Amino acid sequence: MARRRQIYEGKAKILYEGPEPGTLIQYFKDDATAFNAQKKGTINGKGVLNNRISEHIFNLLGMIGIPTHFIRRLNMREQLIRQVEIVPIEVMVRNVAAGSLSKRLGIEEGTQLPRTIIEYAYKSDELGDPMITDEHIAAFGWASQEEMHDIADLAIRINDFLCGLFAGIGIRLVDFKLEFGRIWDNDYGRIILADEISPDCCRLWDIETNEKLDKDRFRRDLGGEVEAYQEVARRLGLLPEGGDTAVLDLDQARRDRGK
């Protein structure tokens with residue numbers, strides 16, 4: 001498919017104009033960032049893995065009735081998605097104390113929370129994605145009360161499904177980030193899931209060892225980022241046992257073929 005006009009570039013993905021009105025092409029990069037892009041690096045093959053993992057999860061969510069922007073995967077790094085009006089709110093779903101929640105509240109990392117907690121942040125790289133409440137969202141008109149009810153309901157449904165999915169492959173879903181968008185039918189807007197679900201935006205720990213299988217390996221200089229992402233893909237049945245990293249790196253694959 002011919003590359004079209006670039007619409008947007010974020011920290012981990014690029015959006016291009018799609019082949020039909022109302023569609024976009026989402027390209028997954030190997031770039032890795034942490035701490036509001038204060039730390040930057042590259043994880044070779046990450047974009048390929050995230051594209052495949054996100055495709056798999058979005059397809060499964062679609063099968064249980066979760067509306068999403070995903071249409072189909074196009075190639076190793078790109079997928080065709082619906083164009084949506086992004087709601088400027090990051091939705092954090094937390095099952096276990098970790099990361100900023102542990103620091104803010106002084107709760108030991110790894111503590112099971114008494115109930116699932118949903119937190120919101122305002123999407124702004126310049127401001128460092130500050131935490132916000134329902135009051136902020138209503139006051140500034142970022143989403144209506146009805147939309148926030150839909151977002152919270154979808155977030156809980158997604159969490160319930162993903163907790164079961166990952167538990168079945170020996171992974172603990174600690175927390176994760178979601179983004180939502182609006183699609184319009186005349187004057188009626190409907191909320192659907194957007195962005196991605198991958199080890200970039202989830203904390204995934206091995207149930208038995210608590211080994212981190214997500215971007216925290218990059219954040220905390222633990223190393224083994226590619227191997228961790230590959231392990232998640234393998235357990236989801238997306239890579240054969242002993243799969244070679246080279247097949248996940250398009251540039252390396254071309255070099256191996258002598259092109």
# chains A, B, ... in the order shown; residues from 1 in each chain; ligands from 1
$ closest_atom_pairs --of "segment 47-130 of chain A" --to "segment 10-14 of chain A" --cutoff "12 Å" --atoms "only C-alpha atoms" --output "CSV"
residue,atom,partner,partner_atom,distance
A:Gly47,CA,A:Ala12,CA,7.9
A:Val48,CA,A:Lys13,CA,11.4
A:Asn50,CA,A:Ala12,CA,9.9
A:Asn51,CA,A:Lys13,CA,10.0
A:Arg77,CA,A:Lys13,CA,9.7
A:Glu78,CA,A:Ile14,CA,9.4
A:Gln79,CA,A:Ile14,CA,10.9
A:Lys123,CA,A:Gly10,CA,11.9
A:Ser124,CA,A:Gly10,CA,11.6
A:Asp125,CA,A:Lys11,CA,9.8
$ select_by_dssp --residues "segment 85-226 of chain A" --states "strand (DSSP E or B)" --output "JSON, numbers by chain"
{"A": [85, 86, 89, 90, 91, 92, 93, 94, 95, 96, 112, 113, 114, 115, 116, 117, 118, 119, 120, 121, 122, 131, 132, 171, 172, 173, 174, 175, 176, 177, 178, 179, 180, 181, 182, 183, 184, 185, 188, 189, 190, 191, 192, 193, 194, 202, 203, 204, 205, 206, 212]}
$ select_by_dssp --residues "segment 16-198 of chain A" --states "alpha helix (DSSP H)" --output "PyMOL selection string"
chain A and resi 46-63+99-105+134-140+145-167
$ atom_distance --atom1 "atom CA of Gly99 of chain A" --atom2 "atom CA of Phe218 of chain A"
13.4 Å
$ residues_around --residues "segment 185-193 of chain A" --least-positions-apart "6" --cutoff "9 Å" --atoms "only C-alpha atoms" --output "PyMOL selection string"
chain A and resi 58+66-70+84+87+147+150-151+154+178-179
$ write_last_selection --atoms "C-alpha atoms" --output "short mmCIF file (atom, residue, chain, number, x, y, z; two decimals), in the first residue's frame"
data_model
loop_
_atom_site.label_atom_id
_atom_site.label_comp_id
_atom_site.auth_asym_id
_atom_site.auth_seq_id
_atom_site.Cartn_x
_atom_site.Cartn_y
_atom_site.Cartn_z
CA PHE A 58 -8.29 -5.82 19.80
CA ILE A 66 -16.04 -3.93 22.78
CA PRO A 67 -16.17 -1.29 20.01
CA THR A 68 -12.65 -0.39 18.78
CA HIS A 69 -10.94 1.61 16.05
CA PHE A 70 -9.11 -1.49 14.72
CA VAL A 84 -11.62 9.00 15.59
CA VAL A 87 -10.84 12.13 23.94
CA GLU A 147 -19.33 9.58 27.71
CA ASP A 150 -19.34 4.68 28.81
CA ILE A 151 -15.56 5.02 29.24
CA LEU A 154 -15.75 -0.16 28.89
CA LEU A 178 -6.35 3.05 27.68
CA GLU A 179 -7.33 5.79 25.26
#
$ residues_around --residues "Tyr229 of chain A" --least-positions-apart "4" --cutoff "8 Å" --atoms "only C-alpha atoms" --output "JSON, numbers by chain"
{"A": [46, 49, 199, 213, 214, 225, 233]}
$ write_last_selection --atoms "all heavy atoms" --output "short mmCIF file (atom, residue, chain, number, x, y, z; two decimals), in the first residue's frame"
data_model
loop_
_atom_site.label_atom_id
_atom_site.label_comp_id
_atom_site.auth_asym_id
_atom_site.auth_seq_id
_atom_site.Cartn_x
_atom_site.Cartn_y
_atom_site.Cartn_z
N LYS A 46 10.39 -3.85 18.55
CA LYS A 46 9.25 -3.57 19.43
C LYS A 46 7.99 -3.22 18.66
O LYS A 46 6.89 -3.68 18.99
CB LYS A 46 9.60 -2.41 20.39
CG LYS A 46 8.43 -1.95 21.27
CD LYS A 46 8.88 -0.86 22.23
CE LYS A 46 8.97 0.49 21.58
NZ LYS A 46 7.66 1.11 21.36
N LEU A 49 6.30 -6.35 17.31
CA LEU A 49 5.65 -7.11 18.37
C LEU A 49 4.38 -6.42 18.87
O LEU A 49 3.34 -7.04 19.04
CB LEU A 49 6.62 -7.31 19.53
CG LEU A 49 7.74 -8.32 19.27
CD1 LEU A 49 8.88 -8.12 20.25
CD2 LEU A 49 7.20 -9.75 19.37
N PRO A 199 2.62 -4.45 25.63
CA PRO A 199 3.51 -4.27 26.78
C PRO A 199 4.02 -2.85 26.95
O PRO A 199 4.59 -2.53 27.99
CB PRO A 199 4.67 -5.25 26.48
CG PRO A 199 4.05 -6.30 25.63
CD PRO A 199 3.07 -5.57 24.76
N LEU A 213 7.46 -8.15 32.37
CA LEU A 213 7.41 -8.48 30.94
C LEU A 213 6.84 -7.30 30.16
O LEU A 213 6.00 -7.46 29.28
CB LEU A 213 6.54 -9.73 30.73
CG LEU A 213 6.97 -10.99 31.48
CD1 LEU A 213 5.92 -12.09 31.34
CD2 LEU A 213 8.33 -11.47 30.98
N ASP A 214 7.33 -6.10 30.45
CA ASP A 214 6.75 -4.88 29.89
C ASP A 214 7.79 -3.77 29.82
O ASP A 214 8.98 -4.01 30.04
CB ASP A 214 5.54 -4.44 30.74
CG ASP A 214 5.93 -4.29 32.21
OD1 ASP A 214 6.72 -3.38 32.53
OD2 ASP A 214 5.45 -5.08 33.05
N GLU A 225 14.51 -6.14 27.17
CA GLU A 225 13.20 -5.64 26.75
C GLU A 225 12.61 -6.48 25.62
O GLU A 225 11.44 -6.88 25.68
CB GLU A 225 13.30 -4.17 26.32
CG GLU A 225 13.71 -3.20 27.40
CD GLU A 225 15.21 -2.96 27.43
OE1 GLU A 225 15.95 -3.73 26.78
OE2 GLU A 225 15.65 -1.99 28.09
N ALA A 233 4.31 -12.29 23.58
CA ALA A 233 3.78 -12.74 22.28
C ALA A 233 3.75 -14.25 22.20
O ALA A 233 2.78 -14.84 21.68
CB ALA A 233 4.62 -12.16 21.14
#
$ residues_around --residues "Asn95 of chain A" --least-positions-apart "3" --cutoff "8 Å" --atoms "only C-alpha atoms" --output "list in words"
Gln112, Leu113, Arg115, Thr116, Ile117, Leu173, Val174 and Asp175 of chain A
$ write_last_selection --atoms "all heavy atoms" --output "PDB file, in the first residue's frame"
ATOM      1  N   GLN A 112      -1.813  -6.199  46.281  1.00  0.00           N
ATOM      2  CA  GLN A 112      -3.105  -6.321  45.608  1.00  0.00           C
ATOM      3  C   GLN A 112      -4.043  -5.250  46.139  1.00  0.00           C
ATOM      4  O   GLN A 112      -4.221  -5.100  47.341  1.00  0.00           O
ATOM      5  CB  GLN A 112      -3.703  -7.707  45.847  1.00  0.00           C
ATOM      6  CG  GLN A 112      -5.008  -7.969  45.118  1.00  0.00           C
ATOM      7  CD  GLN A 112      -4.821  -8.131  43.611  1.00  0.00           C
ATOM      8  OE1 GLN A 112      -3.849  -8.744  43.175  1.00  0.00           O
ATOM      9  NE2 GLN A 112      -5.747  -7.593  42.838  1.00  0.00           N
ATOM     10  N   LEU A 113      -4.648  -4.487  45.242  1.00  0.00           N
ATOM     11  CA  LEU A 113      -5.565  -3.427  45.661  1.00  0.00           C
ATOM     12  C   LEU A 113      -6.896  -4.040  46.099  1.00  0.00           C
ATOM     13  O   LEU A 113      -7.319  -5.074  45.559  1.00  0.00           O
ATOM     14  CB  LEU A 113      -5.780  -2.442  44.516  1.00  0.00           C
ATOM     15  CG  LEU A 113      -4.521  -1.697  44.059  1.00  0.00           C
ATOM     16  CD1 LEU A 113      -4.807  -0.857  42.813  1.00  0.00           C
ATOM     17  CD2 LEU A 113      -3.970  -0.815  45.172  1.00  0.00           C
ATOM     18  N   ARG A 115      -9.790  -3.137  45.468  1.00  0.00           N
ATOM     19  CA  ARG A 115     -10.688  -3.133  44.319  1.00  0.00           C
ATOM     20  C   ARG A 115      -9.961  -2.461  43.169  1.00  0.00           C
ATOM     21  O   ARG A 115      -8.970  -1.753  43.362  1.00  0.00           O
ATOM     22  CB  ARG A 115     -11.987  -2.373  44.624  1.00  0.00           C
ATOM     23  CG  ARG A 115     -11.790  -0.972  45.152  1.00  0.00           C
ATOM     24  CD  ARG A 115     -13.079  -0.190  45.214  1.00  0.00           C
ATOM     25  NE  ARG A 115     -13.508   0.229  43.884  1.00  0.00           N
ATOM     26  CZ  ARG A 115     -14.614   0.930  43.647  1.00  0.00           C
ATOM     27  NH1 ARG A 115     -15.414   1.259  44.636  1.00  0.00           N
ATOM     28  NH2 ARG A 115     -14.925   1.296  42.423  1.00  0.00           N
ATOM     29  N   THR A 116     -10.425  -2.697  41.970  1.00  0.00           N
ATOM     30  CA  THR A 116      -9.827  -2.054  40.799  1.00  0.00           C
ATOM     31  C   THR A 116     -10.040  -0.548  40.887  1.00  0.00           C
ATOM     32  O   THR A 116     -11.137  -0.075  41.194  1.00  0.00           O
ATOM     33  CB  THR A 116     -10.447  -2.602  39.505  1.00  0.00           C
ATOM     34  OG1 THR A 116     -10.166  -3.995  39.407  1.00  0.00           O
ATOM     35  CG2 THR A 116      -9.883  -1.882  38.284  1.00  0.00           C
ATOM     36  N   ILE A 117      -8.980   0.198  40.637  1.00  0.00           N
ATOM     37  CA  ILE A 117      -9.030   1.660  40.689  1.00  0.00           C
ATOM     38  C   ILE A 117      -8.859   2.209  39.278  1.00  0.00           C
ATOM     39  O   ILE A 117      -7.962   1.783  38.541  1.00  0.00           O
ATOM     40  CB  ILE A 117      -7.929   2.217  41.614  1.00  0.00           C
ATOM     41  CG1 ILE A 117      -8.188   1.783  43.064  1.00  0.00           C
ATOM     42  CG2 ILE A 117      -7.841   3.737  41.506  1.00  0.00           C
ATOM     43  CD1 ILE A 117      -7.073   2.177  44.020  1.00  0.00           C
ATOM     44  N   LEU A 173      -1.908  -9.123  35.297  1.00  0.00           N
ATOM     45  CA  LEU A 173      -2.151  -7.783  34.743  1.00  0.00           C
ATOM     46  C   LEU A 173      -2.171  -6.797  35.906  1.00  0.00           C
ATOM     47  O   LEU A 173      -3.165  -6.669  36.619  1.00  0.00           O
ATOM     48  CB  LEU A 173      -3.468  -7.748  33.969  1.00  0.00           C
ATOM     49  CG  LEU A 173      -3.856  -6.410  33.359  1.00  0.00           C
ATOM     50  CD1 LEU A 173      -2.796  -5.917  32.368  1.00  0.00           C
ATOM     51  CD2 LEU A 173      -5.215  -6.496  32.679  1.00  0.00           C
ATOM     52  N   VAL A 174      -1.072  -6.093  36.098  1.00  0.00           N
ATOM     53  CA  VAL A 174      -0.903  -5.181  37.228  1.00  0.00           C
ATOM     54  C   VAL A 174      -1.707  -3.901  37.001  1.00  0.00           C
ATOM     55  O   VAL A 174      -2.515  -3.486  37.828  1.00  0.00           O
ATOM     56  CB  VAL A 174       0.590  -4.876  37.434  1.00  0.00           C
ATOM     57  CG1 VAL A 174       0.790  -3.793  38.501  1.00  0.00           C
ATOM     58  CG2 VAL A 174       1.329  -6.151  37.814  1.00  0.00           C
ATOM     59  N   ASP A 175      -1.467  -3.257  35.880  1.00  0.00           N
ATOM     60  CA  ASP A 175      -2.209  -2.057  35.495  1.00  0.00           C
ATOM     61  C   ASP A 175      -2.012  -1.825  34.009  1.00  0.00           C
ATOM     62  O   ASP A 175      -1.187  -2.475  33.363  1.00  0.00           O
ATOM     63  CB  ASP A 175      -1.791  -0.824  36.322  1.00  0.00           C
ATOM     64  CG  ASP A 175      -0.307  -0.486  36.212  1.00  0.00           C
ATOM     65  OD1 ASP A 175       0.279  -0.664  35.122  1.00  0.00           O
ATOM     66  OD2 ASP A 175       0.289  -0.029  37.209  1.00  0.00           O
TER      67      ASP A 175
END
$ residues_around --residues "Glu109 of chain A" --least-positions-apart "2" --cutoff "6 Å" --atoms "only C-alpha atoms" --output "JSON, numbers by chain"
{"A": [97, 98, 102, 111]}
